[in-house]
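Only one structure is covered here, and it is reproduced in the block below.
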Number of protein chains: 2
Amino acid sequence: MSKKKIGFIGTGVMGKGIISHLLADGHLVYVFNRTKEKTLPLIDKGAVWGGSPSSMAKECSVIFTMVGFPTDVEEVYLGPRGLLENGQSGSVFVDLTTSTPTLAKEIAEKAALKNITVLDAPVSGGDIGAKNGTLSIMIGGDEKAFQTILPIFQLFGQNIVYHGPAGLGQHVKMSNQIVIASTMIGVCESLVYAKEAGLDLDRVLKSISNGAAGSWSLSNLAPRMIKEDYDPGFYVRHFIKDLKIALTEAERMDMTLPGLALAHSLYEDIALQGHDKNGTQALITHW
Amino acid sequence: MSKKKIGFIGTGVMGKGIISHLLADGHLVYVFNRTKEKTLPLIDKGAVWGGSPSSMAKECSVIFTMVGFPTDVEEVYLGPRGLLENGQSGSVFVDLTTSTPTLAKEIAEKAALKNITVLDAPVSGGDIGAKNGTLSIMIGGDEKAFQTILPIFQLFGQNIVYHGPAGLGQHVKMSNQIVIASTMIGVCESLVYAKEAGLDLDRVLKSISNGAAGSWSLSNLAPRMIKEDYDPGFYVRHFIKDLKIALTEAERMDMTLPGLALAHSLYEDIALQGHDKNGTQALITHW
């Protein structure tokens, strides 16, 4: 595809990985981050400092955002110095943040009034997926806009699925987090039980990891739990954010999801014990 | 190894698969089942009707058992016409049933008084694993006896792990079931949420099955849930038995496992709704 000016707001670990792929493909990438220092390694690689979301909105007709919390998404899109207020007609903005489906829908609707398209496109695959360009991308929003962005998605994603109207990308991400929530409980309780029963935990994993009990969490996080290695692959605080969004949406739709509610309360509990900046495998410390 | 007389008690779907491998290797297999008819296809293949557990105990120095519930295990081993009462000194009996760790320990201890060794060796991998000889076998009990039986285990198992003294094989199986219990909740809640959110469920699975949410249950059982196909791979009633054993053992060891307790109550709930002879994927009907 022809090389483009692309804006990117939010240069955390995930953003950094993704931007590297955009640069490697020859795009001119304008970057912005609240802490400017974090953009310096990208500027060294050829990215351009974007100054502010509003100035980027005037400069770029395609902008990606990957910020922290739904309140950040709201500010970047709907705030007075935000993307919608300052964006050009015909632009396509893509929010890669895991945020609320309801907010995604609201933003897309308000954007449409200004002839701007906003896609919700949360990802999974973590910093390694971002670095290797192998993320799963779950997209909601206008399908034509999705088709125009697809070649860019392909630079950093491997499993790219369009799910329907605005908000549905976020709903899929919630479905993803809901599976993980209870799976993590199962993994922890299994290890706690096994340890108490006097078993050798590595041998237990050898017995159970590749059968009907098998999961990504069991294969990747249980070994870290055994070593008491709580270094973050995915932060407890971010997972709590996601579980809270899922719970709120479920409540709005009149659903009772007791596994999700249990996981949320267990994670809140370990966050209070000081694990909020540890990885999700720190759940084992609850027992 | 030299060909042996091997006894096998319990010729259900799992037993049948395993016995075929013993016969194929040239062993002389004595079989017994409460419902004799179920042994006929095996007798057609060369197995010998064993008459009763007590007569088999006199005939064979190696006997496998794979019966239904812990009460059945108790009767077969400890009953007046059972294996210990009638077994020869030096025999090795192997219980493949998923049963209680505490009972396994009790049986092994009582057997030792008669110079008989009993291994607890529950399996996972289902009827397909039994048929293909690819079961996981989790073994507890005397290690020397394990070594003598190993060549037979290798006829129907692929992932054969010795875990330590009597009862530990059962404990590993409980660890396996504990992971599955909460993972199943996560899979169900995810689909329930996704459906309510208006998503196409097959596309959701395409997005989430191969990442951090991935599991055997998600890949193998979620597609059946979507089709409302509740044919049993593994019976609800057997899973409830296992969860109940795990809960009882956890209680005995003073552990609180809220995910396991939740799964047990949800499964009891669907059993009451008539799903006890359906497969574990019927859990989705709870919502």
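Letters for chains follow the order of the structure tokens (A, B, ...), residue numbers begin at 1 for each chain, and ligand numbers begin at 1 in the order shown.
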
Rows by chain and residue number, chain B within 6 Å of chain A, shortest pair, only C-alpha atoms, as JSON lines:
{"residue": "B:Ser175", "atom": "CA", "partner": "A:Ser190", "partner_atom": "CA", "distance": 4.6}
{"residue": "B:Asn176", "atom": "CA", "partner": "A:Ala213", "partner_atom": "CA", "distance": 5.7}
{"residue": "B:Ile178", "atom": "CA", "partner": "A:Ser190", "partner_atom": "CA", "distance": 5.4}
{"residue": "B:Val179", "atom": "CA", "partner": "A:Gly186", "partner_atom": "CA", "distance": 4.1}
{"residue": "B:Ile180", "atom": "CA", "partner": "A:Ala213", "partner_atom": "CA", "distance": 5.0}
{"residue": "B:Ser182", "atom": "CA", "partner": "A:Gly186", "partner_atom": "CA", "distance": 4.7}
{"residue": "B:Thr183", "atom": "CA", "partner": "A:Thr183", "partner_atom": "CA", "distance": 4.2}
{"residue": "B:Gly186", "atom": "CA", "partner": "A:Val179", "partner_atom": "CA", "distance": 4.1}
{"residue": "B:Val187", "atom": "CA", "partner": "A:Val179", "partner_atom": "CA", "distance": 5.2}
{"residue": "B:Ser190", "atom": "CA", "partner": "A:Ser175", "partner_atom": "CA", "distance": 4.6}
{"residue": "B:Ile208", "atom": "CA", "partner": "A:Asn176", "partner_atom": "CA", "distance": 5.8}
{"residue": "B:Ala212", "atom": "CA", "partner": "A:Trp216", "partner_atom": "CA", "distance": 5.4}
{"residue": "B:Ala213", "atom": "CA", "partner": "A:Ile180", "partner_atom": "CA", "distance": 5.0}
{"residue": "B:Gly214", "atom": "CA", "partner": "A:Trp216", "partner_atom": "CA", "distance": 5.5}
{"residue": "B:Ser215", "atom": "CA", "partner": "A:Ser215", "partner_atom": "CA", "distance": 3.8}
{"residue": "B:Trp216", "atom": "CA", "partner": "A:Ala212", "partner_atom": "CA", "distance": 5.4}

Per-residue DSSP, segment 73-227 of chain A, filtered to strand (DSSP E or B), as an MDAnalysis selection string: chainID A and resid 92:95 117:120 123:124 135:140 157:164 215

Segment 182-272 of chain B: residues DSSP assigns to alpha helix (DSSP H), reported as a PyMOL selection string: chain B and resi 182-196+201-208+216-220+222-226+236-252+258-270

Residue contacts of Glu228 of chain B (9 Å, only C-alpha atoms) excluding same-chain residues fewer than 4 positions away, as a list in words: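 My list of contacting residues is Pro223, Arg224, Gln281, Ala282, Ile284 and Thr285 of chain B.
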
Among the residues B:Ser20, B:Asn132, B:Gln147, B:Thr97, the one that comes closest to Phe69 of chain B [using only C-alpha atoms]: B:Thr97

Exercise: segment 60-67 of chain B partners within 8 Å, only C-alpha atoms, chain neighbours under 2 positions left out, as a count of residues only: 26
